[in-house]
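Below is query.tsv, which holds TSV, C-alpha atoms.
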```tsv
chain	number	residue	atom	x	y	z
Y	28	MET	CA	40.69	-186.97	-31.28
Y	29	MET	CA	41.34	-184.62	-34.16
Y	30	LYS	CA	41.97	-185.90	-37.67
Y	31	SER	CA	45.56	-185.74	-38.88
Y	32	LEU	CA	44.99	-184.52	-42.41
Y	33	SER	CA	42.56	-181.82	-41.33
Y	34	ILE	CA	45.05	-180.57	-38.74
Y	35	LEU	CA	48.01	-180.31	-41.06
Y	36	THR	CA	45.95	-178.95	-43.96
Y	37	ALA	CA	44.32	-176.31	-41.77
Y	38	LEU	CA	47.60	-175.23	-40.24
Y	39	THR	CA	49.38	-175.16	-43.60
Y	40	LEU	CA	46.63	-173.05	-45.17
Y	41	ALA	CA	46.71	-170.75	-42.16
Y	42	THR	CA	50.46	-170.20	-42.40
Y	43	PRO	CA	51.72	-170.14	-46.01
Y	44	VAL	CA	55.48	-169.81	-46.28
Y	45	VAL	CA	56.67	-166.21	-45.76
Y	46	ALA	CA	53.09	-164.99	-45.89
Y	47	GLN	CA	51.71	-164.37	-42.44
Y	48	GLN	CA	53.14	-163.17	-39.17
Y	49	SER	CA	50.73	-165.01	-36.87
Y	50	PHE	CA	49.48	-168.51	-36.25
Y	51	ALA	CA	46.24	-169.87	-34.83
Y	52	PRO	CA	45.52	-173.29	-33.30
Y	53	PRO	CA	42.57	-175.29	-34.64
Y	54	ASP	CA	39.04	-174.70	-33.34
Y	55	GLY	CA	38.44	-176.09	-29.86
Y	56	CYS	CA	42.08	-175.62	-28.90
Y	57	GLU	CA	43.96	-173.09	-26.78
Y	58	ALA	CA	47.35	-171.56	-27.55
Y	59	LYS	CA	49.74	-171.96	-24.61
Y	60	LEU	CA	53.34	-171.14	-25.42
Y	61	THR	CA	55.80	-170.04	-28.10
Y	62	VAL	CA	59.50	-170.82	-27.79
Y	63	GLN	CA	62.09	-169.25	-30.08
Y	64	HIS	CA	65.26	-171.33	-30.47
Y	65	LYS	CA	68.68	-170.95	-31.96
Y	66	GLY	CA	69.20	-172.43	-35.42
Y	67	CYS	CA	66.15	-170.73	-36.97
Y	68	VAL	CA	63.69	-173.01	-35.18
Y	69	MET	CA	60.61	-172.14	-33.15
Y	70	VAL	CA	57.72	-174.06	-31.63
Y	71	ASN	CA	54.12	-173.26	-30.80
Y	72	VAL	CA	52.36	-175.34	-28.14
Y	73	TRP	CA	48.62	-175.75	-27.68
Y	74	THR	CA	46.06	-178.04	-26.04
Y	75	CYS	CA	42.63	-179.18	-27.21
Y	76	GLU	CA	39.43	-179.85	-25.30
Y	77	ALA	CA	38.76	-183.13	-27.14
Y	78	ASP	CA	42.09	-184.70	-26.15
Y	79	ASN	CA	43.10	-186.68	-23.10
Y	80	PRO	CA	44.30	-184.67	-20.08
Y	81	GLY	CA	47.96	-183.81	-20.48
Y	82	ASP	CA	48.03	-184.15	-24.27
Y	83	GLN	CA	49.77	-181.31	-26.10
Y	84	TRP	CA	50.33	-180.32	-29.70
Y	85	ILE	CA	53.62	-178.86	-30.90
Y	86	ALA	CA	54.11	-177.13	-34.26
Y	87	LEU	CA	57.68	-176.76	-35.48
Y	88	PHE	CA	58.76	-173.98	-37.82
Y	89	GLY	CA	61.96	-173.48	-39.74
Y	90	GLN	CA	63.19	-170.87	-42.16
Y	91	VAL	CA	60.79	-172.07	-44.89
Y	92	GLY	CA	57.76	-172.27	-42.60
Y	93	LEU	CA	55.77	-175.00	-40.85
Y	94	PHE	CA	57.34	-178.43	-41.27
Y	95	SER	CA	55.92	-180.66	-38.54
Y	96	VAL	CA	52.99	-180.94	-36.15
Y	97	GLN	CA	53.39	-183.38	-33.31
Y	98	LYS	CA	51.07	-184.67	-30.61
Y	99	VAL	CA	52.56	-185.80	-27.29
Y	100	ASP	CA	50.92	-187.10	-24.14
Y	101	ALA	CA	51.55	-186.17	-20.51
Y	102	GLU	CA	54.66	-188.38	-20.47
Y	103	PHE	CA	55.95	-186.81	-23.70
Y	104	GLN	CA	55.38	-189.96	-25.71
Y	105	TRP	CA	55.32	-189.22	-29.45
Y	106	ILE	CA	51.71	-190.18	-30.18
Y	107	GLU	CA	51.40	-188.77	-33.69
Y	108	SER	CA	53.48	-186.65	-36.05
Y	109	PHE	CA	52.14	-185.01	-39.18
Y	110	LYS	CA	54.64	-183.86	-41.78
Y	111	MET	CA	54.58	-182.96	-45.45
Y	112	SER	CA	56.55	-186.19	-46.02
Y	113	GLY	CA	53.94	-188.31	-44.26
Y	114	THR	CA	52.39	-189.34	-40.97
Y	115	GLU	CA	53.98	-191.21	-38.06
Y	116	ARG	CA	52.05	-192.91	-35.25
Y	117	LEU	CA	53.15	-194.63	-32.08
Y	118	ILE	CA	52.48	-198.37	-31.99
Y	119	THR	CA	51.01	-199.20	-28.60
Y	120	PRO	CA	51.74	-200.60	-26.17
Y	121	ALA	CA	55.39	-199.57	-26.41
Y	122	GLU	CA	58.03	-202.06	-25.28
Y	123	ASP	CA	59.43	-199.46	-22.87
Y	124	PRO	CA	57.34	-196.27	-22.98
Y	125	ALA	CA	58.99	-192.88	-22.64
Y	126	SER	CA	58.08	-191.40	-19.26
Y	127	LEU	CA	58.71	-187.95	-17.84
Y	128	THR	CA	57.44	-189.25	-14.49
Y	129	ASP	CA	60.25	-191.82	-14.41
Y	130	LEU	CA	62.78	-189.24	-15.52
Y	131	PHE	CA	61.84	-186.83	-12.75
Y	132	SER	CA	61.71	-189.51	-10.03
Y	133	ASP	CA	64.64	-191.74	-11.05
Y	134	GLN	CA	66.87	-189.20	-12.87
Y	135	ILE	CA	66.90	-191.49	-15.92
Y	136	ASP	CA	64.32	-192.83	-18.34
Y	137	THR	CA	64.99	-195.56	-20.89
Y	138	TRP	CA	62.72	-195.96	-23.88
Y	139	ASP	CA	62.06	-198.51	-26.60
Y	140	PHE	CA	59.14	-197.71	-28.88
Y	141	THR	CA	58.14	-198.22	-32.50
Y	142	LEU	CA	56.59	-195.74	-34.91
Y	143	GLU	CA	54.49	-196.65	-37.92
Y	144	THR	CA	55.65	-194.45	-40.81
Y	145	GLU	CA	54.78	-194.07	-44.48
Y	146	THR	CA	57.75	-196.30	-45.41
Y	147	GLY	CA	57.46	-198.93	-42.68
Y	148	THR	CA	58.13	-199.23	-38.98
Y	149	GLU	CA	60.97	-197.51	-37.13
Y	150	ARG	CA	62.13	-198.65	-33.70
Y	151	ASN	CA	63.61	-196.02	-31.38
Y	152	VAL	CA	65.80	-197.11	-28.47
Y	153	GLY	CA	67.67	-194.93	-26.00
Y	154	PHE	CA	67.58	-192.95	-22.79
Y	155	ASP	CA	67.22	-189.49	-21.29
Y	156	MET	CA	69.14	-188.68	-18.10
Y	157	LEU	CA	69.06	-185.68	-15.78
Y	158	THR	CA	72.50	-184.23	-15.14
Y	159	GLY	CA	71.52	-182.69	-11.81
Y	160	GLU	CA	72.09	-179.20	-13.18
Y	161	THR	CA	69.57	-176.54	-14.10
Y	162	THR	CA	69.69	-173.65	-16.54
Y	163	VAL	CA	67.61	-170.46	-16.40
Y	164	ILE	CA	66.66	-169.16	-19.85
Y	165	ASP	CA	64.43	-166.11	-20.19
Y	166	GLY	CA	63.25	-166.57	-16.62
Y	167	GLU	CA	62.41	-170.28	-17.07
Y	168	THR	CA	64.17	-172.83	-14.86
Y	169	LEU	CA	64.96	-175.87	-17.00
Y	170	LEU	CA	66.45	-179.22	-16.05
Y	171	ASN	CA	69.52	-180.22	-18.04
Y	172	THR	CA	69.51	-183.64	-19.68
Y	173	GLU	CA	71.77	-185.89	-21.69
Y	174	PHE	CA	70.44	-188.38	-24.21
Y	175	GLN	CA	71.46	-191.15	-26.56
Y	176	GLY	CA	69.20	-192.69	-29.16
Y	177	ARG	CA	69.18	-195.09	-32.09
Y	178	THR	CA	66.61	-195.55	-34.85
Y	179	LEU	CA	66.31	-198.97	-36.48
Y	180	ASP	CA	64.33	-200.09	-39.51
Y	181	SER	CA	62.01	-203.10	-39.57
Y	182	ASP	CA	64.98	-205.40	-40.29
Y	183	GLY	CA	66.99	-204.10	-37.34
Y	184	ASN	CA	69.36	-202.02	-39.46
Y	185	GLU	CA	70.46	-198.75	-37.88
Y	186	ILE	CA	69.07	-195.71	-39.67
Y	187	GLU	CA	70.67	-193.14	-37.42
Y	188	SER	CA	72.29	-192.71	-34.04
Y	189	SER	CA	72.61	-189.49	-32.08
Y	190	SER	CA	73.57	-188.09	-28.71
Y	191	GLY	CA	73.23	-184.73	-27.09
Y	192	ARG	CA	72.14	-182.46	-24.34
Y	193	GLN	CA	68.62	-181.09	-24.03
Y	194	TYR	CA	66.40	-179.26	-21.58
Y	195	VAL	CA	63.16	-180.37	-19.97
Y	196	SER	CA	60.53	-178.18	-18.34
Y	197	GLU	CA	58.78	-179.62	-15.30
Y	198	GLU	CA	56.18	-176.87	-15.51
Y	199	HIS	CA	55.22	-177.49	-19.14
Y	200	ARG	CA	56.19	-181.20	-19.25
Y	201	ILE	CA	58.01	-180.80	-22.54
Y	202	PHE	CA	61.50	-181.35	-23.83
Y	203	LEU	CA	63.28	-178.44	-25.48
Y	204	PHE	CA	66.06	-178.66	-28.02
Y	205	GLY	CA	69.67	-178.26	-27.00
Y	206	GLU	CA	72.88	-179.58	-28.52
Y	207	ALA	CA	73.02	-182.75	-30.62
Y	208	TRP	CA	75.54	-184.68	-32.68
Y	209	THR	CA	75.68	-187.93	-34.62
Y	210	ALA	CA	77.80	-190.96	-33.81
Y	211	ASP	CA	79.49	-190.64	-37.20
Y	212	ASP	CA	80.70	-187.08	-36.59
Y	213	PRO	CA	80.53	-186.08	-32.93
Y	214	SER	CA	82.60	-182.95	-33.58
Y	215	GLN	CA	79.75	-181.42	-35.59
Y	216	VAL	CA	77.43	-180.11	-32.88
Y	217	THR	CA	74.04	-178.60	-33.76
Y	218	ASP	CA	72.81	-176.11	-31.16
Y	219	MET	CA	69.11	-175.31	-31.16
Y	220	SER	CA	68.82	-174.22	-27.53
Y	221	PRO	CA	65.85	-172.06	-26.50
Y	222	ILE	CA	66.21	-168.29	-26.26
Y	223	ASP	CA	62.75	-166.76	-25.69
Y	224	PHE	CA	59.65	-168.09	-23.90
Y	225	ILE	CA	56.62	-166.13	-25.05
Y	226	TYR	CA	53.19	-166.24	-23.43
Y	227	PRO	CA	49.73	-164.95	-24.45
Y	228	ASP	CA	49.52	-161.16	-24.78
Y	229	GLU	CA	53.31	-160.88	-25.17
Y	230	PRO	CA	54.83	-159.66	-28.45
Y	231	GLY	CA	55.67	-162.55	-30.75
Y	232	PHE	CA	53.22	-165.02	-29.19
Y	233	PHE	CA	52.09	-167.65	-31.70
Y	234	THR	CA	53.96	-166.10	-34.57
Y	235	ASP	CA	54.98	-168.32	-37.48
Y	236	GLN	CA	58.44	-166.77	-37.93
Y	237	PRO	CA	61.64	-168.05	-36.30
Y	238	GLN	CA	63.82	-165.17	-35.17
Y	239	TYR	CA	67.33	-166.40	-34.48
Y	240	GLU	CA	70.18	-167.42	-36.79
Y	241	CYS	CA	67.96	-167.64	-39.85
Y	242	ASN	CA	70.64	-165.95	-41.93
Y	243	GLN	CA	73.04	-168.75	-40.99
Y	244	THR	CA	71.09	-171.96	-41.46
Y	245	ASP	CA	67.79	-173.52	-42.32
Y	246	ALA	CA	67.74	-175.93	-39.42
Y	247	SER	CA	66.40	-179.40	-40.07
Y	248	PHE	CA	64.82	-181.28	-37.20
Y	249	ARG	CA	63.43	-184.77	-37.14
Y	250	PRO	CA	60.91	-184.97	-34.30
```

Write-out of the structure in structure tokens:
Amino acid sequence: MMKSLSILTALTLATPVVAQQSFAPPDGCEAKLTVQHKGCVMVNVWTCEADNPGDQWIALFGQVGLFSVQKVDAEFQWIESFKMSGTERLITPAEDPASLTDLFSDQIDTWDFTLETETGTERNVGFDMLTGETTVIDGETLLNTEFQGRTLDSDGNEIESSSGRQYVSEEHRIFLFGEAWTADDPSQVTDMSPIDFIYPDEPGFFTDQPQYECNQTDASFRP
């Protein structure tokens, strides 16, 4: 397993804000996919030889550059997240682990897991549900989902609550952003749906620059 500080430091040094136009995964890893989203957000996905089968790394970029690197497993459990604000790690075993396998077979997946953060533990409870509809974006067939989730602090106080619609790729076994809103203001919908799927040898693959709606917003995402 790769070390968290070395990953984030290496990636940050490799992609200073508004400095470079390309991005490289760490040594021993292979770049797989770039996805450009609405809301001035993009992701780069890679895998590493030293990891468990099915593990993937996802780097998230906004208007000001790299802001999060996240490791997920084959079920899209949030194993580790490395941010400038601190590190988050999944406490295992989870009470009710997130499972793409369950989502694909049962059309719904409930989850109840706790993250260890720099400021204490955070419990995440909710569900993802397939709607039965699909959407084709840039030639990719994606399953449509709906979700609801709550984040609680160590005392059980609600930190945030959100709902929305996302996409999930069976081929890549990843979730992709869609529309989201908070319980406090459901009329304010944030849309970060995917626009472009970019593969090796295609223009824009593993760039570090979001392309869409960057003149409108500096999107903020909490993975």

Using CA of Asp180 (chain Y) and CA of Ile118 (chain Y) as the two end points, give the distance in Å to one decimal. 14.1 Å

Which residue is closest to Val70 (chain Y)? Choose from Y:Phe88, Y:Phe204, Y:Asp165, Y:Gly55 and count all atoms listed in the file.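 Residue with the minimum atom-to-atom distance to Val70 (chain Y): Y:Phe88.
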
Pick from Y:Val91, Y:Glu102, Y:Arg150, Y:Thr209, whichever lies nearest to Leu117 (chain Y) using all atoms listed in the file: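 Closest to Leu117 (chain Y) of all the choices is Y:Arg150.
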
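For the residues Y:Gln83, Y:Ala77, Y:Pro120, Y:Ile106, ranking by smallest atom-to-atom distance to Lys59 (chain Y) using only C-alpha atoms places Y:Gln83 first.
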
Which residue gives the smallest distance to Ala125 (chain Y) among Y:Glu229, Y:Glu149, Y:Glu143, Y:Asp100, with all atoms listed in the file counted?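 Using all atoms listed in the file, the shortest distance to Ala125 (chain Y) belongs to Y:Asp100.
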
Which residues are close to Asp123 (chain Y), i.e. within 10 Å by all atoms listed in the file, leaving aside same-chain residues fewer than 5 positions away? Reply as a ChimeraX atom specification. /Y:136-141,152-153

Straight-line distance linking CA of Gly159 (chain Y) with CA of Thr172 (chain Y), stated in Å to one decimal: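 Pair CA of Gly159 (chain Y) / CA of Thr172 (chain Y) returns 8.2 Å.
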